[in-house]
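Peer 1: Sharing my_file.cif here; it has mmCIF, C-alpha atoms, pLDDT in the B column; chains and numbers go by the auth columns.
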data_final
#
loop_
_atom_site.group_PDB
_atom_site.id
_atom_site.type_symbol
_atom_site.label_atom_id
_atom_site.label_comp_id
_atom_site.label_asym_id
_atom_site.label_seq_id
_atom_site.Cartn_x
_atom_site.Cartn_y
_atom_site.Cartn_z
_atom_site.B_iso_or_equiv
_atom_site.auth_seq_id
_atom_site.auth_asym_id
ATOM 1 C CA MET A 1 -2.538 -23.668 -4.470 58.00 1 A
ATOM 2 C CA ASN A 2 -4.732 -21.766 -2.031 61.00 2 A
ATOM 3 C CA PRO A 3 -8.218 -21.432 -3.585 52.00 3 A
ATOM 4 C CA GLU A 4 -8.701 -18.072 -1.825 59.00 4 A
ATOM 5 C CA ARG A 5 -5.864 -16.562 -3.821 63.00 5 A
ATOM 6 C CA ALA A 6 -7.162 -14.012 -6.340 60.00 6 A
ATOM 7 C CA GLY A 7 -5.235 -12.104 -8.956 76.00 7 A
ATOM 8 C CA ASP A 8 -2.090 -12.858 -10.928 91.00 8 A
ATOM 9 C CA VAL A 9 0.042 -11.184 -8.245 96.00 9 A
ATOM 10 C CA VAL A 10 -0.659 -11.278 -4.524 96.00 10 A
ATOM 11 C CA VAL A 11 0.634 -8.312 -2.532 97.00 11 A
ATOM 12 C CA VAL A 12 0.676 -8.782 1.238 97.00 12 A
ATOM 13 C CA LEU A 13 0.881 -5.647 3.382 97.00 13 A
ATOM 14 C CA ALA A 14 2.212 -5.826 6.930 96.00 14 A
ATOM 15 C CA PRO A 15 3.877 -3.774 9.636 96.00 15 A
ATOM 16 C CA ARG A 16 7.624 -3.890 9.194 96.00 16 A
ATOM 17 C CA GLY A 17 9.290 -6.514 11.356 95.00 17 A
ATOM 18 C CA PRO A 18 11.959 -5.613 13.905 95.00 18 A
ATOM 19 C CA THR A 19 14.573 -7.556 11.921 94.00 19 A
ATOM 20 C CA ASP A 20 15.170 -8.785 8.383 92.00 20 A
ATOM 21 C CA ALA A 21 14.662 -12.338 9.642 92.00 21 A
ATOM 22 C CA ASP A 22 11.166 -11.441 10.899 94.00 22 A
ATOM 23 C CA ASP A 23 10.197 -10.060 7.492 95.00 23 A
ATOM 24 C CA ARG A 24 11.565 -13.122 5.727 94.00 24 A
ATOM 25 C CA LEU A 25 9.578 -15.365 8.081 94.00 25 A
ATOM 26 C CA LEU A 26 6.398 -13.492 7.206 95.00 26 A
ATOM 27 C CA LEU A 27 7.252 -13.798 3.503 96.00 27 A
ATOM 28 C CA ALA A 28 7.633 -17.550 3.991 95.00 28 A
ATOM 29 C CA THR A 29 4.236 -17.639 5.712 95.00 29 A
ATOM 30 C CA ALA A 30 2.708 -15.724 2.798 96.00 30 A
ATOM 31 C CA ALA A 31 4.311 -18.120 0.323 94.00 31 A
ATOM 32 C CA ALA A 32 2.893 -21.106 2.202 93.00 32 A
ATOM 33 C CA TRP A 33 -0.551 -19.455 2.159 93.00 33 A
ATOM 34 C CA VAL A 34 -0.406 -18.920 -1.607 93.00 34 A
ATOM 35 C CA LEU A 35 0.914 -22.436 -2.222 91.00 35 A
ATOM 36 C CA GLY A 36 -1.604 -24.010 0.130 89.00 36 A
ATOM 37 C CA VAL A 37 1.018 -25.875 2.185 90.00 37 A
ATOM 38 C CA ALA A 38 2.010 -25.886 5.847 91.00 38 A
ATOM 39 C CA PRO A 39 4.153 -22.875 6.808 91.00 39 A
ATOM 40 C CA PRO A 40 6.964 -24.978 8.350 92.00 40 A
ATOM 41 C CA SER A 41 7.545 -26.550 4.923 93.00 41 A
ATOM 42 C CA VAL A 42 8.533 -23.227 3.338 93.00 42 A
ATOM 43 C CA ARG A 43 11.666 -21.198 3.831 92.00 43 A
ATOM 44 C CA ILE A 44 13.105 -18.135 2.109 93.00 44 A
ATOM 45 C CA GLU A 45 16.603 -18.397 0.698 91.00 45 A
ATOM 46 C CA ARG A 46 18.702 -15.851 -1.143 84.00 46 A
ATOM 47 C CA SER A 47 20.714 -15.955 -4.317 71.00 47 A
ATOM 48 C CA CYS A 48 22.733 -13.216 -6.010 74.00 48 A
ATOM 49 C CA PRO A 49 22.680 -13.672 -9.812 66.00 49 A
ATOM 50 C CA HIS A 50 25.958 -11.773 -10.120 66.00 50 A
ATOM 51 C CA CYS A 51 28.264 -13.365 -7.545 70.00 51 A
ATOM 52 C CA GLY A 52 26.339 -16.462 -6.489 67.00 52 A
ATOM 53 C CA GLY A 53 26.270 -15.322 -2.859 64.00 53 A
ATOM 54 C CA THR A 54 23.563 -16.666 -0.563 64.00 54 A
ATOM 55 C CA ASP A 55 23.703 -13.927 2.085 69.00 55 A
ATOM 56 C CA HIS A 56 22.182 -11.313 -0.221 71.00 56 A
ATOM 57 C CA GLY A 57 20.309 -11.042 -3.498 75.00 57 A
ATOM 58 C CA ARG A 58 16.749 -11.769 -4.504 83.00 58 A
ATOM 59 C CA PRO A 59 14.600 -13.946 -2.200 91.00 59 A
ATOM 60 C CA LEU A 60 13.757 -17.466 -3.379 91.00 60 A
ATOM 61 C CA VAL A 61 11.042 -19.812 -2.142 93.00 61 A
ATOM 62 C CA ALA A 62 12.214 -23.288 -1.094 90.00 62 A
ATOM 63 C CA VAL A 63 9.558 -25.932 -0.339 91.00 63 A
ATOM 64 C CA SER A 64 10.364 -29.111 1.558 89.00 64 A
ATOM 65 C CA PRO A 65 10.080 -32.337 -0.483 82.00 65 A
ATOM 66 C CA GLY A 66 6.697 -33.974 -0.090 72.00 66 A
ATOM 67 C CA ALA A 67 4.981 -30.809 1.108 69.00 67 A
ATOM 68 C CA GLY A 68 2.204 -31.379 -1.381 67.00 68 A
ATOM 69 C CA SER A 69 2.274 -28.260 -3.559 64.00 69 A
ATOM 70 C CA GLY A 70 1.738 -29.054 -7.230 61.00 70 A
ATOM 71 C CA ALA A 71 2.061 -25.440 -8.349 64.00 71 A
ATOM 72 C CA GLY A 72 4.933 -24.143 -10.440 73.00 72 A
ATOM 73 C CA PRO A 73 7.752 -21.951 -9.135 89.00 73 A
ATOM 74 C CA LEU A 74 6.521 -19.149 -6.903 93.00 74 A
ATOM 75 C CA HIS A 75 8.395 -15.883 -7.460 95.00 75 A
ATOM 76 C CA VAL A 76 8.588 -13.392 -4.590 97.00 76 A
ATOM 77 C CA SER A 77 9.930 -9.967 -3.709 97.00 77 A
ATOM 78 C CA LEU A 78 9.812 -7.699 -0.676 96.00 78 A
ATOM 79 C CA SER A 79 10.127 -4.011 0.103 97.00 79 A
ATOM 80 C CA ARG A 80 10.091 -1.812 3.178 96.00 80 A
ATOM 81 C CA ALA A 81 9.315 1.839 3.763 95.00 81 A
ATOM 82 C CA GLY A 82 9.168 3.408 7.196 91.00 82 A
ATOM 83 C CA ARG A 83 7.132 1.095 9.415 94.00 83 A
ATOM 84 C CA SER A 84 5.555 -0.782 6.521 96.00 84 A
ATOM 85 C CA ALA A 85 6.524 -3.866 4.535 97.00 85 A
ATOM 86 C CA ALA A 86 5.084 -5.275 1.326 98.00 86 A
ATOM 87 C CA PHE A 87 5.536 -8.709 -0.240 98.00 87 A
ATOM 88 C CA ALA A 88 4.746 -9.697 -3.841 97.00 88 A
ATOM 89 C CA LEU A 89 4.083 -13.311 -4.849 97.00 89 A
ATOM 90 C CA THR A 90 3.267 -14.663 -8.313 95.00 90 A
ATOM 91 C CA PHE A 91 3.573 -17.720 -10.548 93.00 91 A
ATOM 92 C CA LEU A 92 3.828 -15.602 -13.712 93.00 92 A
ATOM 93 C CA GLY A 93 7.575 -15.014 -13.599 94.00 93 A
ATOM 94 C CA PRO A 94 10.230 -12.896 -11.885 95.00 94 A
ATOM 95 C CA VAL A 95 8.672 -10.166 -9.772 97.00 95 A
ATOM 96 C CA GLY A 96 9.883 -7.004 -8.076 97.00 96 A
ATOM 97 C CA ILE A 97 8.080 -4.784 -5.594 98.00 97 A
ATOM 98 C CA ASP A 98 8.932 -1.360 -4.247 98.00 98 A
ATOM 99 C CA VAL A 99 7.240 0.823 -1.656 98.00 99 A
ATOM 100 C CA GLU A 100 8.305 4.389 -0.973 96.00 100 A
ATOM 101 C CA SER A 101 7.230 7.310 1.168 95.00 101 A
ATOM 102 C CA VAL A 102 6.190 10.219 -1.038 94.00 102 A
ATOM 103 C CA ALA A 103 7.700 12.647 1.453 91.00 103 A
ATOM 104 C CA ALA A 104 10.962 10.705 1.695 90.00 104 A
ATOM 105 C CA VAL A 105 11.428 10.660 -2.088 89.00 105 A
ATOM 106 C CA SER A 106 10.784 14.398 -2.182 83.00 106 A
ATOM 107 C CA ARG A 107 13.402 14.926 0.543 80.00 107 A
ATOM 108 C CA ALA A 108 15.997 12.659 -1.132 73.00 108 A
ATOM 109 C CA GLY A 109 19.380 14.348 -1.019 58.00 109 A
ATOM 110 C CA VAL A 110 19.984 17.941 -0.048 55.00 110 A
ATOM 111 C CA ASP A 111 18.282 19.168 -3.223 67.00 111 A
ATOM 112 C CA PRO A 112 15.439 17.200 -4.877 68.00 112 A
ATOM 113 C CA ALA A 113 16.724 18.395 -8.242 75.00 113 A
ATOM 114 C CA LEU A 114 19.952 16.455 -7.630 81.00 114 A
ATOM 115 C CA PHE A 115 17.934 13.283 -7.046 86.00 115 A
ATOM 116 C CA ASP A 116 15.952 13.878 -10.222 90.00 116 A
ATOM 117 C CA ALA A 117 19.167 14.330 -12.207 90.00 117 A
ATOM 118 C CA VAL A 118 20.462 10.854 -11.276 91.00 118 A
ATOM 119 C CA ALA A 119 17.079 9.088 -11.266 94.00 119 A
ATOM 120 C CA PHE A 120 15.385 10.301 -14.436 95.00 120 A
ATOM 121 C CA GLY A 121 16.297 10.797 -18.077 95.00 121 A
ATOM 122 C CA PRO A 122 15.557 13.854 -20.231 95.00 122 A
ATOM 123 C CA ALA A 123 12.102 12.691 -21.356 95.00 123 A
ATOM 124 C CA GLU A 124 11.059 11.934 -17.773 95.00 124 A
ATOM 125 C CA LEU A 125 12.396 15.237 -16.460 94.00 125 A
ATOM 126 C CA ALA A 126 10.480 17.086 -19.155 95.00 126 A
ATOM 127 C CA ALA A 127 7.297 15.219 -18.249 94.00 127 A
ATOM 128 C CA LEU A 128 7.749 15.914 -14.547 92.00 128 A
ATOM 129 C CA SER A 129 8.322 19.597 -15.193 92.00 129 A
ATOM 130 C CA ALA A 130 4.866 19.794 -16.762 94.00 130 A
ATOM 131 C CA VAL A 131 3.104 18.219 -13.771 93.00 131 A
ATOM 132 C CA PRO A 132 1.241 20.686 -11.491 93.00 132 A
ATOM 133 C CA SER A 133 3.228 21.348 -8.338 90.00 133 A
ATOM 134 C CA SER A 134 0.437 19.813 -6.220 91.00 134 A
ATOM 135 C CA ASP A 135 0.883 16.463 -7.990 92.00 135 A
ATOM 136 C CA ALA A 136 4.638 16.485 -8.608 90.00 136 A
ATOM 137 C CA ALA A 137 5.734 14.715 -5.422 91.00 137 A
ATOM 138 C CA ASP A 138 3.305 11.846 -5.950 94.00 138 A
ATOM 139 C CA ALA A 139 4.234 11.483 -9.640 94.00 139 A
ATOM 140 C CA ARG A 140 7.961 11.494 -8.831 93.00 140 A
ATOM 141 C CA ALA A 141 7.555 8.821 -6.146 95.00 141 A
ATOM 142 C CA ARG A 142 5.436 6.577 -8.384 96.00 142 A
ATOM 143 C CA MET A 143 7.931 6.840 -11.238 96.00 143 A
ATOM 144 C CA TRP A 144 10.794 6.020 -8.888 96.00 144 A
ATOM 145 C CA THR A 145 9.039 2.999 -7.357 97.00 145 A
ATOM 146 C CA ALA A 146 8.385 1.759 -10.897 97.00 146 A
ATOM 147 C CA LYS A 147 12.108 1.854 -11.682 97.00 147 A
ATOM 148 C CA GLU A 148 13.069 0.207 -8.400 97.00 148 A
ATOM 149 C CA ALA A 149 10.467 -2.536 -8.873 97.00 149 A
ATOM 150 C CA ALA A 150 11.657 -3.201 -12.436 97.00 150 A
ATOM 151 C CA LEU A 151 15.307 -3.404 -11.381 96.00 151 A
ATOM 152 C CA LYS A 152 14.404 -5.793 -8.553 95.00 152 A
ATOM 153 C CA CYS A 153 12.354 -7.882 -10.955 95.00 153 A
ATOM 154 C CA THR A 154 15.313 -8.483 -13.274 94.00 154 A
ATOM 155 C CA GLY A 155 17.807 -8.834 -10.410 91.00 155 A
ATOM 156 C CA ASP A 156 19.898 -5.925 -11.684 90.00 156 A
ATOM 157 C CA GLY A 157 19.262 -3.541 -8.817 88.00 157 A
ATOM 158 C CA LEU A 158 21.170 -0.301 -8.925 84.00 158 A
ATOM 159 C CA ARG A 159 24.001 -1.958 -10.852 89.00 159 A
ATOM 160 C CA VAL A 160 22.022 -0.554 -13.759 93.00 160 A
ATOM 161 C CA ASP A 161 21.781 3.218 -14.132 95.00 161 A
ATOM 162 C CA PRO A 162 18.107 4.011 -13.450 95.00 162 A
ATOM 163 C CA ARG A 163 18.279 6.553 -16.260 96.00 163 A
ATOM 164 C CA ASP A 164 18.626 3.613 -18.675 97.00 164 A
ATOM 165 C CA LEU A 165 14.955 2.924 -17.953 97.00 165 A
ATOM 166 C CA THR A 166 12.302 5.292 -19.249 97.00 166 A
ATOM 167 C CA VAL A 167 8.884 5.262 -17.622 97.00 167 A
ATOM 168 C CA GLY A 168 5.806 7.302 -18.372 94.00 168 A
ATOM 169 C CA LEU A 169 3.859 9.410 -15.927 93.00 169 A
ATOM 170 C CA PRO A 170 1.263 7.616 -13.778 91.00 170 A
ATOM 171 C CA GLY A 171 -1.980 6.953 -15.616 89.00 171 A
ATOM 172 C CA ARG A 172 -5.509 7.695 -14.489 86.00 172 A
ATOM 173 C CA GLU A 173 -6.194 4.210 -13.163 87.00 173 A
ATOM 174 C CA ASP A 174 -7.030 3.665 -9.518 87.00 174 A
ATOM 175 C CA PRO A 175 -4.421 2.966 -8.352 87.00 175 A
ATOM 176 C CA PRO A 176 -2.358 4.648 -11.080 91.00 176 A
ATOM 177 C CA ASP A 177 -0.030 2.548 -13.223 92.00 177 A
ATOM 178 C CA VAL A 178 3.305 3.618 -14.660 94.00 178 A
ATOM 179 C CA VAL A 179 4.348 2.207 -18.042 93.00 179 A
ATOM 180 C CA LEU A 180 7.876 1.133 -18.959 96.00 180 A
ATOM 181 C CA THR A 181 8.449 2.638 -22.412 95.00 181 A
ATOM 182 C CA ALA A 182 12.157 1.897 -22.957 96.00 182 A
ATOM 183 C CA TRP A 183 15.166 0.205 -21.353 96.00 183 A
ATOM 184 C CA ARG A 184 18.529 0.829 -22.919 95.00 184 A
ATOM 185 C CA GLY A 185 20.542 -2.412 -23.035 92.00 185 A
ATOM 186 C CA ALA A 186 17.710 -4.665 -21.824 93.00 186 A
ATOM 187 C CA GLY A 187 17.979 -8.287 -22.895 89.00 187 A
ATOM 188 C CA PHE A 188 14.223 -8.661 -23.339 92.00 188 A
ATOM 189 C CA PRO A 189 11.397 -6.766 -25.095 93.00 189 A
ATOM 190 C CA VAL A 190 10.082 -4.035 -22.802 94.00 190 A
ATOM 191 C CA GLU A 191 6.499 -5.214 -23.312 92.00 191 A
ATOM 192 C CA ALA A 192 7.466 -8.431 -21.490 95.00 192 A
ATOM 193 C CA LEU A 193 7.744 -6.417 -18.266 96.00 193 A
ATOM 194 C CA ARG A 194 4.551 -4.965 -16.838 96.00 194 A
ATOM 195 C CA LEU A 195 4.155 -2.470 -14.017 97.00 195 A
ATOM 196 C CA ARG A 196 1.160 -2.244 -11.709 96.00 196 A
ATOM 197 C CA GLY A 197 0.554 0.324 -8.996 96.00 197 A
ATOM 198 C CA PHE A 198 -1.020 -0.387 -5.627 96.00 198 A
ATOM 199 C CA GLU A 199 -1.793 1.643 -2.516 94.00 199 A
ATOM 200 C CA PRO A 200 0.235 0.452 0.497 95.00 200 A
ATOM 201 C CA GLY A 201 -1.087 3.058 2.950 93.00 201 A
ATOM 202 C CA ALA A 202 -1.281 6.736 3.750 93.00 202 A
ATOM 203 C CA GLY A 203 1.686 8.710 2.447 94.00 203 A
ATOM 204 C CA LEU A 204 3.091 5.692 0.600 96.00 204 A
ATOM 205 C CA VAL A 205 3.078 4.536 -3.015 96.00 205 A
ATOM 206 C CA GLY A 206 3.882 1.103 -4.381 97.00 206 A
ATOM 207 C CA THR A 207 4.593 -0.615 -7.687 97.00 207 A
ATOM 208 C CA VAL A 208 4.881 -4.263 -8.719 98.00 208 A
ATOM 209 C CA ALA A 209 6.887 -5.322 -11.785 97.00 209 A
ATOM 210 C CA VAL A 210 6.403 -8.727 -13.432 97.00 210 A
ATOM 211 C CA LEU A 211 8.485 -10.213 -16.249 96.00 211 A
ATOM 212 C CA SER A 212 6.818 -12.912 -18.317 93.00 212 A
ATOM 213 C CA GLU A 213 8.201 -14.381 -21.523 83.00 213 A
ATOM 214 C CA ASP A 214 4.823 -16.029 -22.128 86.00 214 A
ATOM 215 C CA GLY A 215 3.029 -12.702 -22.224 86.00 215 A
ATOM 216 C CA PHE A 216 0.012 -11.528 -20.265 90.00 216 A
ATOM 217 C CA ALA A 217 -3.715 -12.012 -20.545 87.00 217 A
ATOM 218 C CA ALA A 218 -5.724 -9.013 -21.683 85.00 218 A
ATOM 219 C CA GLY A 219 -5.627 -6.390 -18.967 83.00 219 A
ATOM 220 C CA GLY A 220 -3.087 -8.385 -16.961 86.00 220 A
ATOM 221 C CA PRO A 221 -1.425 -8.846 -14.709 93.00 221 A
ATOM 222 C CA THR A 222 -3.997 -8.251 -12.014 93.00 222 A
ATOM 223 C CA VAL A 223 -2.963 -7.491 -8.446 94.00 223 A
ATOM 224 C CA SER A 224 -4.722 -8.614 -5.277 93.00 224 A
ATOM 225 C CA VAL A 225 -3.753 -6.734 -2.094 95.00 225 A
ATOM 226 C CA VAL A 226 -4.314 -8.539 1.193 94.00 226 A
ATOM 227 C CA PRO A 227 -3.415 -7.660 4.787 94.00 227 A
ATOM 228 C CA ALA A 228 -1.043 -9.877 6.728 94.00 228 A
ATOM 229 C CA ALA A 229 -3.919 -10.871 9.024 92.00 229 A
ATOM 230 C CA ALA A 230 -5.530 -12.719 6.115 89.00 230 A
ATOM 231 C CA ILE A 231 -2.638 -15.159 5.825 88.00 231 A
ATOM 232 C CA ARG A 232 -2.288 -15.749 9.558 74.00 232 A
ATOM 233 C CA ARG A 233 -5.756 -17.167 10.092 62.00 233 A
#
How would this structure read if it were set down as structure tokens?
Peer 2:
Amino acid sequence: MNPERAGDVVVVLAPRGPTDADDRLLLATAAAWVLGVAPPSVRIERSCPHCGGTDHGRPLVAVSPGAGSGAGPLHVSLSRAGRSAAFALTFLGPVGIDVESVAAVSRAGVDPALFDAVAFGPAELAALSAVPSSDAADARARMWTAKEAALKCTGDGLRVDPRDLTVGLPGREDPPDVVLTAWRGAGFPVEALRLRGFEPGAGLVGTVAVLSEDGFAAGGPTVSVVPAAAIRR
């Protein structure tokens, strides 16, 4: 494992590639950097937990035999927003990452209220209604990225109604975290899934979700954000 790696979750920020293949290549490079192996020995595959397809679904790290990495399975996720891309990598367990433009979330649909009605449950809508108008767009985007990250983490995606998940308003941390308080029909205790916010750039918000059956250290998981240039040295 790369000794420069810091934090339970590494988030790599990069300009969005011109194609999906370019982004997957950069994710493979990031995985090799975290694992401490040569980039050509790592590739990104896909697997859909629902149909078994390999042309879609969550990304998986495949390391060539004999590459030399003694670390456990490396879990990864990727997200794109506008011209930006973000990659999450961790050994803790399944991970999901989501990046959104605050403005784009606010413009979702013809009427933002229609988006809220299909994205948030009654408790969340009540909480949002109490947020000052100057902070509402940011709070809405952070809550939505939290749900997207959680659904990516479990592999459910939008097959699950996002209103089945209940998240709290962003906290006062820097960057702010959103807490998962309930998940109707989840097959795991909600405290096994942790959410951590990060700042992907101006006008953007981001959240990482990590699922660990072994639990988390006090204050964990921690997130280390690095630019793509750091892994291309």
Peer 1: Can you measure CA of Leu158 (chain A) to CA of Ala117 (chain A) for me? One decimal in Å is fine.
Peer 2: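 Taking CA of Leu158 (chain A) and CA of Ala117 (chain A), their separation equals 15.1 Å.
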Peer 1: Given the PyMOL selection byres ((chain A and resi 143) around 8) and the file above, list the residues it selects as a ChimeraX atom specification.
Peer 2: /A:139-142,144-147,167-170,178
Peer 1: Check what the PyMOL selection byres ((chain A and resi 181-192) around 12) selects in the file above and give those residues as a PDB file with C-alpha atoms, in the coordinates of the input.
Peer 2:
ATOM      1  CA  LEU A  92       3.828 -15.602 -13.712  1.00 93.00           C
ATOM      2  CA  GLY A  93       7.575 -15.014 -13.599  1.00 94.00           C
ATOM      3  CA  PRO A  94      10.230 -12.896 -11.885  1.00 95.00           C
ATOM      4  CA  VAL A  95       8.672 -10.166  -9.772  1.00 97.00           C
ATOM      5  CA  GLY A 121      16.297  10.797 -18.077  1.00 95.00           C
ATOM      6  CA  ALA A 123      12.102  12.691 -21.356  1.00 95.00           C
ATOM      7  CA  GLU A 124      11.059  11.934 -17.773  1.00 95.00           C
ATOM      8  CA  MET A 143       7.931   6.840 -11.238  1.00 96.00           C
ATOM      9  CA  ALA A 146       8.385   1.759 -10.897  1.00 97.00           C
ATOM     10  CA  LYS A 147      12.108   1.854 -11.682  1.00 97.00           C
ATOM     11  CA  ALA A 150      11.657  -3.201 -12.436  1.00 97.00           C
ATOM     12  CA  LEU A 151      15.307  -3.404 -11.381  1.00 96.00           C
ATOM     13  CA  CYS A 153      12.354  -7.882 -10.955  1.00 95.00           C
ATOM     14  CA  THR A 154      15.313  -8.483 -13.274  1.00 94.00           C
ATOM     15  CA  ASP A 156      19.898  -5.925 -11.684  1.00 90.00           C
ATOM     16  CA  VAL A 160      22.022  -0.554 -13.759  1.00 93.00           C
ATOM     17  CA  ASP A 161      21.781   3.218 -14.132  1.00 95.00           C
ATOM     18  CA  PRO A 162      18.107   4.011 -13.450  1.00 95.00           C
ATOM     19  CA  ARG A 163      18.279   6.553 -16.260  1.00 96.00           C
ATOM     20  CA  ASP A 164      18.626   3.613 -18.675  1.00 97.00           C
ATOM     21  CA  LEU A 165      14.955   2.924 -17.953  1.00 97.00           C
ATOM     22  CA  THR A 166      12.302   5.292 -19.249  1.00 97.00           C
ATOM     23  CA  VAL A 167       8.884   5.262 -17.622  1.00 97.00           C
ATOM     24  CA  GLY A 168       5.806   7.302 -18.372  1.00 94.00           C
ATOM     25  CA  LEU A 169       3.859   9.410 -15.927  1.00 93.00           C
ATOM     26  CA  VAL A 178       3.305   3.618 -14.660  1.00 94.00           C
ATOM     27  CA  VAL A 179       4.348   2.207 -18.042  1.00 93.00           C
ATOM     28  CA  LEU A 180       7.876   1.133 -18.959  1.00 96.00           C
ATOM     29  CA  LEU A 193       7.744  -6.417 -18.266  1.00 96.00           C
ATOM     30  CA  ARG A 194       4.551  -4.965 -16.838  1.00 96.00           C
ATOM     31  CA  LEU A 195       4.155  -2.470 -14.017  1.00 97.00           C
ATOM     32  CA  ALA A 209       6.887  -5.322 -11.785  1.00 97.00           C
ATOM     33  CA  VAL A 210       6.403  -8.727 -13.432  1.00 97.00           C
ATOM     34  CA  LEU A 211       8.485 -10.213 -16.249  1.00 96.00           C
ATOM     35  CA  SER A 212       6.818 -12.912 -18.317  1.00 93.00           C
ATOM     36  CA  GLU A 213       8.201 -14.381 -21.523  1.00 83.00           C
ATOM     37  CA  ASP A 214       4.823 -16.029 -22.128  1.00 86.00           C
ATOM     38  CA  GLY A 215       3.029 -12.702 -22.224  1.00 86.00           C
ATOM     39  CA  PHE A 216       0.012 -11.528 -20.265  1.00 90.00           C
ATOM     40  CA  ALA A 217      -3.715 -12.012 -20.545  1.00 87.00           C
ATOM     41  CA  GLY A 220      -3.087  -8.385 -16.961  1.00 86.00           C
ATOM     42  CA  PRO A 221      -1.425  -8.846 -14.709  1.00 93.00           C
TER      43      PRO A 221
END
Peer 1: At what distance in Å, to one decimal, does CA of Trp33 (chain A) lie from CA of Ala149 (chain A)?
Peer 2: 23.0 Å
Peer 1: Compile the contact shell of region 198-205 of chain A as a VMD selection string: residues with an atom at most 12 Å away, counting all atoms listed in the file, same-chain residues fewer than 4 positions apart removed.
Peer 2: chain A and resid 9 to 15 79 to 88 97 to 106 137 to 146 149 170 173 to 178 209 222 to 227
Peer 1: Could those residues be written to a file, using C-alpha atoms, as a CSV table (one decimal), in the coordinates of the input?
Peer 2:
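Resulting contents of selection22.csv:
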chain,number,residue,atom,x,y,z
A,9,VAL,CA,0.0,-11.2,-8.2
A,10,VAL,CA,-0.7,-11.3,-4.5
A,11,VAL,CA,0.6,-8.3,-2.5
A,12,VAL,CA,0.7,-8.8,1.2
A,13,LEU,CA,0.9,-5.6,3.4
A,14,ALA,CA,2.2,-5.8,6.9
A,15,PRO,CA,3.9,-3.8,9.6
A,79,SER,CA,10.1,-4.0,0.1
A,80,ARG,CA,10.1,-1.8,3.2
A,81,ALA,CA,9.3,1.8,3.8
A,82,GLY,CA,9.2,3.4,7.2
A,83,ARG,CA,7.1,1.1,9.4
A,84,SER,CA,5.6,-0.8,6.5
A,85,ALA,CA,6.5,-3.9,4.5
A,86,ALA,CA,5.1,-5.3,1.3
A,87,PHE,CA,5.5,-8.7,-0.2
A,88,ALA,CA,4.7,-9.7,-3.8
A,97,ILE,CA,8.1,-4.8,-5.6
A,98,ASP,CA,8.9,-1.4,-4.2
A,99,VAL,CA,7.2,0.8,-1.7
A,100,GLU,CA,8.3,4.4,-1.0
A,101,SER,CA,7.2,7.3,1.2
A,102,VAL,CA,6.2,10.2,-1.0
A,103,ALA,CA,7.7,12.6,1.5
A,104,ALA,CA,11.0,10.7,1.7
A,105,VAL,CA,11.4,10.7,-2.1
A,106,SER,CA,10.8,14.4,-2.2
A,137,ALA,CA,5.7,14.7,-5.4
A,138,ASP,CA,3.3,11.8,-6.0
A,139,ALA,CA,4.2,11.5,-9.6
A,140,ARG,CA,8.0,11.5,-8.8
A,141,ALA,CA,7.6,8.8,-6.1
A,142,ARG,CA,5.4,6.6,-8.4
A,143,MET,CA,7.9,6.8,-11.2
A,144,TRP,CA,10.8,6.0,-8.9
A,145,THR,CA,9.0,3.0,-7.4
A,146,ALA,CA,8.4,1.8,-10.9
A,149,ALA,CA,10.5,-2.5,-8.9
A,170,PRO,CA,1.3,7.6,-13.8
A,173,GLU,CA,-6.2,4.2,-13.2
A,174,ASP,CA,-7.0,3.7,-9.5
A,175,PRO,CA,-4.4,3.0,-8.4
A,176,PRO,CA,-2.4,4.6,-11.1
A,177,ASP,CA,0.0,2.5,-13.2
A,178,VAL,CA,3.3,3.6,-14.7
A,209,ALA,CA,6.9,-5.3,-11.8
A,222,THR,CA,-4.0,-8.3,-12.0
A,223,VAL,CA,-3.0,-7.5,-8.4
A,224,SER,CA,-4.7,-8.6,-5.3
A,225,VAL,CA,-3.8,-6.7,-2.1
A,226,VAL,CA,-4.3,-8.5,1.2
A,227,PRO,CA,-3.4,-7.7,4.8
Peer 1: Do you have the CA of Val37 (chain A)-CA of Arg16 (chain A) distance handy?
Peer 2: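 So the answer is 24.0 Å.
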Peer 1: Evaluate the PyMOL selection byres ((chain A and resi 61) around 7) against this structure - the residues, as a PyMOL selection string, please.
Peer 2: chain A and resi 42-45+59-60+62-63+74
Peer 1: Print the selection's residues with C-alpha atoms to a file, as a short mmCIF file (atom, residue, chain, number, x, y, z; two decimals), keeping the file's coordinate frame.
Peer 2:
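Saved the output as out.cif:
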data_model
loop_
_atom_site.label_atom_id
_atom_site.label_comp_id
_atom_site.auth_asym_id
_atom_site.auth_seq_id
_atom_site.Cartn_x
_atom_site.Cartn_y
_atom_site.Cartn_z
CA VAL A 42 8.53 -23.23 3.34
CA ARG A 43 11.67 -21.20 3.83
CA ILE A 44 13.10 -18.14 2.11
CA GLU A 45 16.60 -18.40 0.70
CA PRO A 59 14.60 -13.95 -2.20
CA LEU A 60 13.76 -17.47 -3.38
CA ALA A 62 12.21 -23.29 -1.09
CA VAL A 63 9.56 -25.93 -0.34
CA LEU A 74 6.52 -19.15 -6.90
#
Peer 1: Can you pull out every residue within 9 Å of Leu27 (chain A), counting all atoms listed in the file, but drop anything in the same chain fewer than 2 positions away, and send it as a list in words?
Peer 2: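 Final neighbour list, sorted by chain and number: Val12, Asp22, Asp23, Arg24, Leu25, Thr29, Ala30, Ala31, Ala32, Arg43, Ile44, Val76, Ser77, Leu78, Phe87, Ala88 and Leu89 of chain A.
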Peer 1: Using all atoms listed in the file, can you tell me which of A:Asp20, A:His56, A:Ser64, A:Thr90 comes closest to Pro40 (chain A)?
Peer 2: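 For Pro40 (chain A), the nearest of the given residues is A:Ser64.
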Peer 1: Of the candidates A:Lys152, A:Arg196, A:Arg232, A:Pro132, which one gets nearest to Gly219 (chain A) if we count all atoms listed in the file?
Peer 2: A:Arg196
